[in-house]
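A.B. asks: You'll find my_file_17.txt just under this line, and it carries compact mmCIF, N, CA, C and O atoms.
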# COMPACT_ATOMS: atom_id res chain seq x y z
N MET V 1 80.77 59.59 176.79
CA MET V 1 79.70 58.63 176.54
C MET V 1 80.27 57.47 175.74
O MET V 1 80.96 57.66 174.75
N SER V 2 80.02 56.28 176.17
CA SER V 2 80.55 55.10 175.47
C SER V 2 79.67 54.75 174.27
O SER V 2 78.58 55.28 174.12
N ASP V 3 80.17 53.82 173.44
CA ASP V 3 79.39 53.38 172.28
C ASP V 3 78.08 52.72 172.70
O ASP V 3 77.11 52.73 171.98
N ASN V 4 78.07 52.12 173.92
CA ASN V 4 76.87 51.43 174.39
C ASN V 4 75.70 52.37 174.63
O ASN V 4 74.55 51.95 174.57
N ASN V 5 75.97 53.63 174.97
CA ASN V 5 74.87 54.56 175.19
C ASN V 5 74.96 55.74 174.23
O ASN V 5 74.66 56.86 174.58
N ALA V 6 75.34 55.44 173.00
CA ALA V 6 75.46 56.45 171.96
C ALA V 6 74.09 56.89 171.46
O ALA V 6 73.09 56.21 171.66
N LEU V 7 74.08 58.00 170.79
CA LEU V 7 72.85 58.54 170.19
C LEU V 7 72.26 57.51 169.22
O LEU V 7 72.95 57.02 168.34
N LYS V 8 71.01 57.16 169.43
CA LYS V 8 70.36 56.17 168.57
C LYS V 8 69.39 56.83 167.60
O LYS V 8 69.36 56.46 166.43
N TYR V 9 68.59 57.76 168.08
CA TYR V 9 67.61 58.46 167.25
C TYR V 9 67.60 59.94 167.61
O TYR V 9 67.95 60.32 168.72
N VAL V 10 67.16 60.75 166.66
CA VAL V 10 66.88 62.15 166.91
C VAL V 10 65.36 62.30 166.90
O VAL V 10 64.68 61.71 166.05
N ALA V 11 64.81 63.04 167.86
CA ALA V 11 63.36 63.23 167.98
C ALA V 11 62.95 64.55 167.35
O ALA V 11 63.57 65.59 167.60
N TYR V 12 61.92 64.49 166.52
CA TYR V 12 61.38 65.67 165.84
C TYR V 12 59.88 65.76 166.07
O TYR V 12 59.20 64.75 166.24
N THR V 13 59.36 66.97 166.02
CA THR V 13 57.93 67.16 165.88
C THR V 13 57.73 67.70 164.46
O THR V 13 58.56 68.45 163.95
N VAL V 14 56.66 67.27 163.82
CA VAL V 14 56.42 67.65 162.42
C VAL V 14 55.08 68.36 162.34
O VAL V 14 54.06 67.83 162.74
N ARG V 15 55.13 69.59 161.84
CA ARG V 15 53.89 70.36 161.62
C ARG V 15 53.59 70.35 160.13
O ARG V 15 54.40 70.79 159.32
N LYS V 16 52.44 69.82 159.80
CA LYS V 16 52.02 69.78 158.40
C LYS V 16 51.39 71.12 158.04
O LYS V 16 50.59 71.66 158.80
N ARG V 17 51.77 71.66 156.89
CA ARG V 17 51.24 72.94 156.43
C ARG V 17 50.54 72.72 155.10
O ARG V 17 51.10 72.08 154.21
N GLU V 18 49.37 73.25 154.98
CA GLU V 18 48.57 73.09 153.76
C GLU V 18 49.26 73.81 152.60
O GLU V 18 49.63 74.97 152.70
N GLY V 19 49.44 73.07 151.50
CA GLY V 19 50.02 73.65 150.30
C GLY V 19 51.50 73.97 150.39
O GLY V 19 52.03 74.70 149.57
N SER V 20 52.17 73.44 151.39
CA SER V 20 53.59 73.73 151.58
C SER V 20 54.27 72.52 152.22
O SER V 20 53.60 71.60 152.68
N LYS V 21 55.59 72.55 152.27
CA LYS V 21 56.32 71.47 152.91
C LYS V 21 56.07 71.48 154.41
O LYS V 21 55.84 72.52 155.01
N SER V 22 56.14 70.31 155.02
CA SER V 22 56.01 70.19 156.47
C SER V 22 57.24 70.80 157.14
O SER V 22 58.33 70.83 156.58
N VAL V 23 57.06 71.27 158.37
CA VAL V 23 58.16 71.86 159.13
C VAL V 23 58.60 70.85 160.19
O VAL V 23 57.80 70.43 161.02
N TRP V 24 59.87 70.44 160.14
CA TRP V 24 60.44 69.50 161.08
C TRP V 24 61.27 70.28 162.09
O TRP V 24 62.17 71.02 161.72
N THR V 25 60.98 70.10 163.38
CA THR V 25 61.71 70.78 164.44
C THR V 25 62.32 69.73 165.37
O THR V 25 61.61 68.90 165.92
N ARG V 26 63.64 69.80 165.54
CA ARG V 26 64.31 68.85 166.44
C ARG V 26 63.97 69.21 167.88
O ARG V 26 64.10 70.37 168.29
N ILE V 27 63.50 68.23 168.64
CA ILE V 27 63.09 68.49 170.02
C ILE V 27 63.80 67.59 171.03
O ILE V 27 63.58 67.75 172.24
N GLY V 28 64.64 66.67 170.58
CA GLY V 28 65.31 65.80 171.54
C GLY V 28 66.09 64.69 170.88
O GLY V 28 66.35 64.72 169.68
N ALA V 29 66.43 63.68 171.71
CA ALA V 29 67.24 62.57 171.23
C ALA V 29 66.97 61.33 172.08
O ALA V 29 66.52 61.43 173.21
N VAL V 30 67.28 60.16 171.50
CA VAL V 30 67.13 58.87 172.18
C VAL V 30 68.51 58.25 172.33
O VAL V 30 69.27 58.17 171.35
N PHE V 31 68.82 57.80 173.55
CA PHE V 31 70.09 57.16 173.84
C PHE V 31 69.83 55.77 174.40
O PHE V 31 68.92 55.57 175.19
N THR V 32 70.66 54.80 174.00
CA THR V 32 70.55 53.43 174.50
C THR V 32 71.22 53.34 175.87
O THR V 32 72.27 53.93 176.09
N HIS V 33 70.60 52.59 176.79
CA HIS V 33 71.19 52.37 178.11
C HIS V 33 72.48 51.58 177.98
O HIS V 33 72.64 50.78 177.05
N GLU V 34 73.39 51.78 178.91
CA GLU V 34 74.68 51.11 178.88
C GLU V 34 74.55 49.59 178.87
O GLU V 34 75.34 48.89 178.25
N ASP V 35 73.51 49.06 179.55
CA ASP V 35 73.34 47.60 179.59
C ASP V 35 72.61 47.07 178.36
O ASP V 35 72.40 45.87 178.23
N GLY V 36 72.20 47.95 177.44
CA GLY V 36 71.53 47.54 176.21
C GLY V 36 70.10 47.09 176.41
O GLY V 36 69.47 46.60 175.48
N GLN V 37 69.55 47.28 177.61
CA GLN V 37 68.21 46.77 177.92
C GLN V 37 67.12 47.83 177.85
O GLN V 37 66.00 47.59 178.28
N GLY V 38 67.43 49.01 177.33
CA GLY V 38 66.41 50.05 177.21
C GLY V 38 66.98 51.31 176.59
O GLY V 38 68.16 51.36 176.22
N GLU V 39 66.14 52.31 176.49
CA GLU V 39 66.54 53.58 175.89
C GLU V 39 65.93 54.72 176.69
O GLU V 39 64.91 54.56 177.35
N THR V 40 66.56 55.89 176.61
CA THR V 40 66.08 57.09 177.26
C THR V 40 65.78 58.14 176.21
O THR V 40 66.62 58.40 175.33
N LEU V 41 64.61 58.73 176.28
CA LEU V 41 64.22 59.84 175.40
C LEU V 41 64.41 61.12 176.19
O LEU V 41 63.78 61.32 177.24
N LEU V 42 65.32 61.98 175.73
CA LEU V 42 65.57 63.27 176.36
C LEU V 42 64.94 64.35 175.49
O LEU V 42 65.31 64.49 174.32
N LEU V 43 63.99 65.09 176.04
CA LEU V 43 63.31 66.14 175.29
C LEU V 43 63.84 67.51 175.71
O LEU V 43 63.93 67.81 176.90
N ASP V 44 64.18 68.34 174.72
CA ASP V 44 64.58 69.72 174.96
C ASP V 44 63.38 70.65 174.83
O ASP V 44 63.44 71.79 175.26
N ALA V 45 62.32 70.16 174.23
CA ALA V 45 61.09 70.93 174.04
C ALA V 45 59.93 69.95 173.94
O ALA V 45 60.13 68.78 173.63
N LEU V 46 58.74 70.43 174.20
CA LEU V 46 57.54 69.61 174.06
C LEU V 46 56.87 69.94 172.73
O LEU V 46 56.80 71.10 172.35
N PRO V 47 56.37 68.92 172.03
CA PRO V 47 55.73 69.19 170.74
C PRO V 47 54.36 69.83 170.92
O PRO V 47 53.65 69.55 171.88
N LEU V 48 54.00 70.70 169.97
CA LEU V 48 52.65 71.28 169.96
C LEU V 48 51.67 70.26 169.38
O LEU V 48 50.54 70.17 169.83
N ALA V 49 52.13 69.50 168.41
CA ALA V 49 51.32 68.42 167.84
C ALA V 49 51.49 67.20 168.72
O ALA V 49 52.39 67.13 169.56
N ARG V 50 50.66 66.20 168.53
CA ARG V 50 50.76 65.02 169.40
C ARG V 50 51.72 63.97 168.87
O ARG V 50 51.91 62.93 169.47
N GLU V 51 52.36 64.24 167.76
CA GLU V 51 53.22 63.27 167.10
C GLU V 51 54.70 63.62 167.30
O GLU V 51 55.11 64.76 167.12
N ILE V 52 55.49 62.60 167.69
CA ILE V 52 56.95 62.72 167.75
C ILE V 52 57.51 61.69 166.78
O ILE V 52 57.14 60.52 166.82
N VAL V 53 58.40 62.13 165.90
CA VAL V 53 59.02 61.25 164.90
C VAL V 53 60.46 60.99 165.34
O VAL V 53 61.20 61.92 165.65
N LEU V 54 60.85 59.72 165.38
CA LEU V 54 62.22 59.34 165.71
C LEU V 54 62.93 58.91 164.43
O LEU V 54 62.44 58.05 163.70
N ARG V 55 64.09 59.52 164.17
CA ARG V 55 64.85 59.22 162.96
C ARG V 55 66.29 58.89 163.33
O ARG V 55 66.84 59.44 164.28
N VAL V 56 66.90 58.00 162.56
CA VAL V 56 68.32 57.69 162.73
C VAL V 56 69.10 58.96 162.41
O VAL V 56 68.82 59.63 161.42
N PRO V 57 70.08 59.32 163.27
CA PRO V 57 70.85 60.54 162.99
C PRO V 57 71.62 60.43 161.67
O PRO V 57 72.14 59.38 161.34
N GLN V 58 71.66 61.53 160.95
CA GLN V 58 72.38 61.60 159.69
C GLN V 58 73.51 62.61 159.82
O GLN V 58 73.37 63.59 160.54
N GLU V 59 74.60 62.38 159.08
CA GLU V 59 75.67 63.37 159.05
C GLU V 59 75.17 64.62 158.35
O GLU V 59 74.37 64.54 157.42
N LYS V 60 75.68 65.78 158.80
CA LYS V 60 75.32 67.03 158.13
C LYS V 60 75.97 67.05 156.75
O LYS V 60 77.00 66.41 156.52
N LYS V 61 75.38 67.78 155.81
CA LYS V 61 75.88 67.79 154.43
C LYS V 61 77.32 68.24 154.36
O LYS V 61 78.10 67.73 153.57
N GLU V 62 77.74 69.21 155.21
CA GLU V 62 79.12 69.67 155.20
C GLU V 62 80.05 68.53 155.60
O GLU V 62 81.14 68.40 155.06
N GLU V 63 79.64 67.69 156.58
CA GLU V 63 80.46 66.58 157.04
C GLU V 63 80.55 65.50 155.98
O GLU V 63 81.57 64.84 155.84
N GLN V 64 79.48 65.28 155.20
CA GLN V 64 79.47 64.26 154.18
C GLN V 64 80.44 64.62 153.04
O GLN V 64 81.04 63.75 152.43
N ALA V 65 80.59 65.92 152.75
CA ALA V 65 81.44 66.35 151.65
C ALA V 65 82.92 66.21 152.01
O ALA V 65 83.76 66.11 151.14
N ALA V 66 83.25 66.21 153.30
CA ALA V 66 84.66 66.16 153.73
C ALA V 66 85.27 64.79 153.54
O ALA V 66 84.68 63.80 153.41
When written as structure tokens, how does the structure in this file appear?

C.D. replies:
Amino acid sequence: MSDNNALKYVAYTVRKREGSKSVWTRIGAVFTHEDGQGETLLLDALPLAREIVLRVPQEKKEEQAA
């Protein structure tokens, strides 16, 4: 995969829980088209809630420490 169609966002579904932290589940990713004129959302799972949150990918904590 070239830099032009690199991972742009990670897709999550978020379940809010009363009196506790929300649960974030990764369900897919967004990639930019090679021509830069659009993006593709690839879903590995469908959310139970109607909300999908897109976040910029972050390095894992182990990778940040290296």

A.B. asks: Residues at most 6 Å from Val56 (chain V), counting all atoms listed in the file, excluding those fewer than 6 positions away in the same chain, as a list of chain:residue names?

C.D. replies: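 Here the answer would be V:Lys8, V:Tyr9, V:Val10.
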
A.B. asks: Work out how far apart atom O of Leu41 (chain V) and atom O of Ala29 (chain V) are and give it in Å to one decimal.

C.D. replies: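 It comes out at 4.9 Å.
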
A.B. asks: Find the residues with any atom within 10 Å of (61.9, 67.2, 162.8); use only C-alpha atoms and the coordinates as given in the file, and write the answer as a list in words.

C.D. replies: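 Using only C-alpha atoms, the matching residues come out as Val10, Ala11, Tyr12, Thr13, Val14, Arg15, Ser22, Val23, Trp24, Thr25, Arg26, Ile27, Gly28, Ile52, Val53, Leu54 and Arg55 of chain V.
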
A.B. asks: For atom O of Pro57 (chain V) and atom C of Lys21 (chain V), quote the distance in Å rounded to one decimal.

C.D. replies: 21.3 Å

A.B. asks: So the first atom is CA of Leu7 (chain V) and the second is atom N of Leu48 (chain V); what is the distance between them in Å, to one decimal place?

C.D. replies: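 A separation of 22.4 Å between them.
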
A.B. asks: Using DSSP assignments from the backbone, pull out every residue in chain V that falls under strand (DSSP E) and give it to me as an mmCIF file with N, CA, C and O atoms, in the coordinates of the input.

C.D. replies:
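Wrote result09.cif, looks like this:
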data_model
loop_
_atom_site.group_PDB
_atom_site.id
_atom_site.type_symbol
_atom_site.label_atom_id
_atom_site.label_comp_id
_atom_site.auth_asym_id
_atom_site.auth_seq_id
_atom_site.Cartn_x
_atom_site.Cartn_y
_atom_site.Cartn_z
ATOM 1 N N LEU V 7 74.080 58.000 170.790
ATOM 2 C CA LEU V 7 72.850 58.540 170.190
ATOM 3 C C LEU V 7 72.260 57.510 169.220
ATOM 4 O O LEU V 7 72.950 57.020 168.340
ATOM 5 N N LYS V 8 71.010 57.160 169.430
ATOM 6 C CA LYS V 8 70.360 56.170 168.570
ATOM 7 C C LYS V 8 69.390 56.830 167.600
ATOM 8 O O LYS V 8 69.360 56.460 166.430
ATOM 9 N N TYR V 9 68.590 57.760 168.080
ATOM 10 C CA TYR V 9 67.610 58.460 167.250
ATOM 11 C C TYR V 9 67.600 59.940 167.610
ATOM 12 O O TYR V 9 67.950 60.320 168.720
ATOM 13 N N VAL V 10 67.160 60.750 166.660
ATOM 14 C CA VAL V 10 66.880 62.150 166.910
ATOM 15 C C VAL V 10 65.360 62.300 166.900
ATOM 16 O O VAL V 10 64.680 61.710 166.050
ATOM 17 N N ALA V 11 64.810 63.040 167.860
ATOM 18 C CA ALA V 11 63.360 63.230 167.980
ATOM 19 C C ALA V 11 62.950 64.550 167.350
ATOM 20 O O ALA V 11 63.570 65.590 167.600
ATOM 21 N N TYR V 12 61.920 64.490 166.520
ATOM 22 C CA TYR V 12 61.380 65.670 165.840
ATOM 23 C C TYR V 12 59.880 65.760 166.070
ATOM 24 O O TYR V 12 59.200 64.750 166.240
ATOM 25 N N THR V 13 59.360 66.970 166.020
ATOM 26 C CA THR V 13 57.930 67.160 165.880
ATOM 27 C C THR V 13 57.730 67.700 164.460
ATOM 28 O O THR V 13 58.560 68.450 163.950
ATOM 29 N N VAL V 14 56.660 67.270 163.820
ATOM 30 C CA VAL V 14 56.420 67.650 162.420
ATOM 31 C C VAL V 14 55.080 68.360 162.340
ATOM 32 O O VAL V 14 54.060 67.830 162.740
ATOM 33 N N ARG V 15 55.130 69.590 161.840
ATOM 34 C CA ARG V 15 53.890 70.360 161.620
ATOM 35 C C ARG V 15 53.590 70.350 160.130
ATOM 36 O O ARG V 15 54.400 70.790 159.320
ATOM 37 N N VAL V 23 57.060 71.270 158.370
ATOM 38 C CA VAL V 23 58.160 71.860 159.130
ATOM 39 C C VAL V 23 58.600 70.850 160.190
ATOM 40 O O VAL V 23 57.800 70.430 161.020
ATOM 41 N N TRP V 24 59.870 70.440 160.140
ATOM 42 C CA TRP V 24 60.440 69.500 161.080
ATOM 43 C C TRP V 24 61.270 70.280 162.090
ATOM 44 O O TRP V 24 62.170 71.020 161.720
ATOM 45 N N THR V 25 60.980 70.100 163.380
ATOM 46 C CA THR V 25 61.710 70.780 164.440
ATOM 47 C C THR V 25 62.320 69.730 165.370
ATOM 48 O O THR V 25 61.610 68.900 165.920
ATOM 49 N N ARG V 26 63.640 69.800 165.540
ATOM 50 C CA ARG V 26 64.310 68.850 166.440
ATOM 51 C C ARG V 26 63.970 69.210 167.880
ATOM 52 O O ARG V 26 64.100 70.370 168.290
ATOM 53 N N ILE V 27 63.500 68.230 168.640
ATOM 54 C CA ILE V 27 63.090 68.490 170.020
ATOM 55 C C ILE V 27 63.800 67.590 171.030
ATOM 56 O O ILE V 27 63.580 67.750 172.240
ATOM 57 N N GLY V 28 64.640 66.670 170.580
ATOM 58 C CA GLY V 28 65.310 65.800 171.540
ATOM 59 C C GLY V 28 66.090 64.690 170.880
ATOM 60 O O GLY V 28 66.350 64.720 169.680
ATOM 61 N N ALA V 29 66.430 63.680 171.710
ATOM 62 C CA ALA V 29 67.240 62.570 171.230
ATOM 63 C C ALA V 29 66.970 61.330 172.080
ATOM 64 O O ALA V 29 66.520 61.430 173.210
ATOM 65 N N VAL V 30 67.280 60.160 171.500
ATOM 66 C CA VAL V 30 67.130 58.870 172.180
ATOM 67 C C VAL V 30 68.510 58.250 172.330
ATOM 68 O O VAL V 30 69.270 58.170 171.350
ATOM 69 N N PHE V 31 68.820 57.800 173.550
ATOM 70 C CA PHE V 31 70.090 57.160 173.840
ATOM 71 C C PHE V 31 69.830 55.770 174.400
ATOM 72 O O PHE V 31 68.920 55.570 175.190
ATOM 73 N N THR V 32 70.660 54.800 174.000
ATOM 74 C CA THR V 32 70.550 53.430 174.500
ATOM 75 C C THR V 32 71.220 53.340 175.870
ATOM 76 O O THR V 32 72.270 53.930 176.090
ATOM 77 N N GLU V 39 66.140 52.310 176.490
ATOM 78 C CA GLU V 39 66.540 53.580 175.890
ATOM 79 C C GLU V 39 65.930 54.720 176.690
ATOM 80 O O GLU V 39 64.910 54.560 177.350
ATOM 81 N N THR V 40 66.560 55.890 176.610
ATOM 82 C CA THR V 40 66.080 57.090 177.260
ATOM 83 C C THR V 40 65.780 58.140 176.210
ATOM 84 O O THR V 40 66.620 58.400 175.330
ATOM 85 N N LEU V 41 64.610 58.730 176.280
ATOM 86 C CA LEU V 41 64.220 59.840 175.400
ATOM 87 C C LEU V 41 64.410 61.120 176.190
ATOM 88 O O LEU V 41 63.780 61.320 177.240
ATOM 89 N N LEU V 42 65.320 61.980 175.730
ATOM 90 C CA LEU V 42 65.570 63.270 176.360
ATOM 91 C C LEU V 42 64.940 64.350 175.490
ATOM 92 O O LEU V 42 65.310 64.490 174.320
ATOM 93 N N LEU V 43 63.990 65.090 176.040
ATOM 94 C CA LEU V 43 63.310 66.140 175.290
ATOM 95 C C LEU V 43 63.840 67.510 175.710
ATOM 96 O O LEU V 43 63.930 67.810 176.900
ATOM 97 N N VAL V 53 58.400 62.130 165.900
ATOM 98 C CA VAL V 53 59.020 61.250 164.900
ATOM 99 C C VAL V 53 60.460 60.990 165.340
ATOM 100 O O VAL V 53 61.200 61.920 165.650
ATOM 101 N N LEU V 54 60.850 59.720 165.380
ATOM 102 C CA LEU V 54 62.220 59.340 165.710
ATOM 103 C C LEU V 54 62.930 58.910 164.430
ATOM 104 O O LEU V 54 62.440 58.050 163.700
ATOM 105 N N ARG V 55 64.090 59.520 164.170
ATOM 106 C CA ARG V 55 64.850 59.220 162.960
ATOM 107 C C ARG V 55 66.290 58.890 163.330
ATOM 108 O O ARG V 55 66.840 59.440 164.280
#

A.B. asks: DSSP on the backbone: what in chain V comes out alpha helix (DSSP H), as a list in words?

C.D. replies: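 So the alpha helix (DSSP H) residues in chain V would be Lys61, Glu62, Glu63, Gln64 and Ala65 of chain V.
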
A.B. asks: Only N, CA, C and O atoms, please: the residues just picked out, written as a PDB file, in the coordinates of the input.

C.D. replies:
ATOM      1  N   LYS V  61      75.380  67.780 155.810  1.00  0.00           N
ATOM      2  CA  LYS V  61      75.880  67.790 154.430  1.00  0.00           C
ATOM      3  C   LYS V  61      77.320  68.240 154.360  1.00  0.00           C
ATOM      4  O   LYS V  61      78.100  67.730 153.570  1.00  0.00           O
ATOM      5  N   GLU V  62      77.740  69.210 155.210  1.00  0.00           N
ATOM      6  CA  GLU V  62      79.120  69.670 155.200  1.00  0.00           C
ATOM      7  C   GLU V  62      80.050  68.530 155.600  1.00  0.00           C
ATOM      8  O   GLU V  62      81.140  68.400 155.060  1.00  0.00           O
ATOM      9  N   GLU V  63      79.640  67.690 156.580  1.00  0.00           N
ATOM     10  CA  GLU V  63      80.460  66.580 157.040  1.00  0.00           C
ATOM     11  C   GLU V  63      80.550  65.500 155.980  1.00  0.00           C
ATOM     12  O   GLU V  63      81.570  64.840 155.840  1.00  0.00           O
ATOM     13  N   GLN V  64      79.480  65.280 155.200  1.00  0.00           N
ATOM     14  CA  GLN V  64      79.470  64.260 154.180  1.00  0.00           C
ATOM     15  C   GLN V  64      80.440  64.620 153.040  1.00  0.00           C
ATOM     16  O   GLN V  64      81.040  63.750 152.430  1.00  0.00           O
ATOM     17  N   ALA V  65      80.590  65.920 152.750  1.00  0.00           N
ATOM     18  CA  ALA V  65      81.440  66.350 151.650  1.00  0.00           C
ATOM     19  C   ALA V  65      82.920  66.210 152.010  1.00  0.00           C
ATOM     20  O   ALA V  65      83.760  66.110 151.140  1.00  0.00           O
TER      21      ALA V  65
END

A.B. asks: Using all atoms listed in the file, can you list as a PyMOL selection string the residues within 8 Å of (64.6, 62.0, 178.2)?

C.D. replies: chain V and resi 28-31+39-44

A.B. asks: Set up a box along x, y and z of the file covering all listed atoms of region 54-59 of chain V, add 4 Å on every one of the six sides, and write the centre and edge lengths in Å to one decimal, as JSON.

C.D. replies:
{"center_x": 68.3, "center_y": 61.2, "center_z": 161.6, "size_x": 22.8, "size_y": 14.9, "size_z": 16.3}
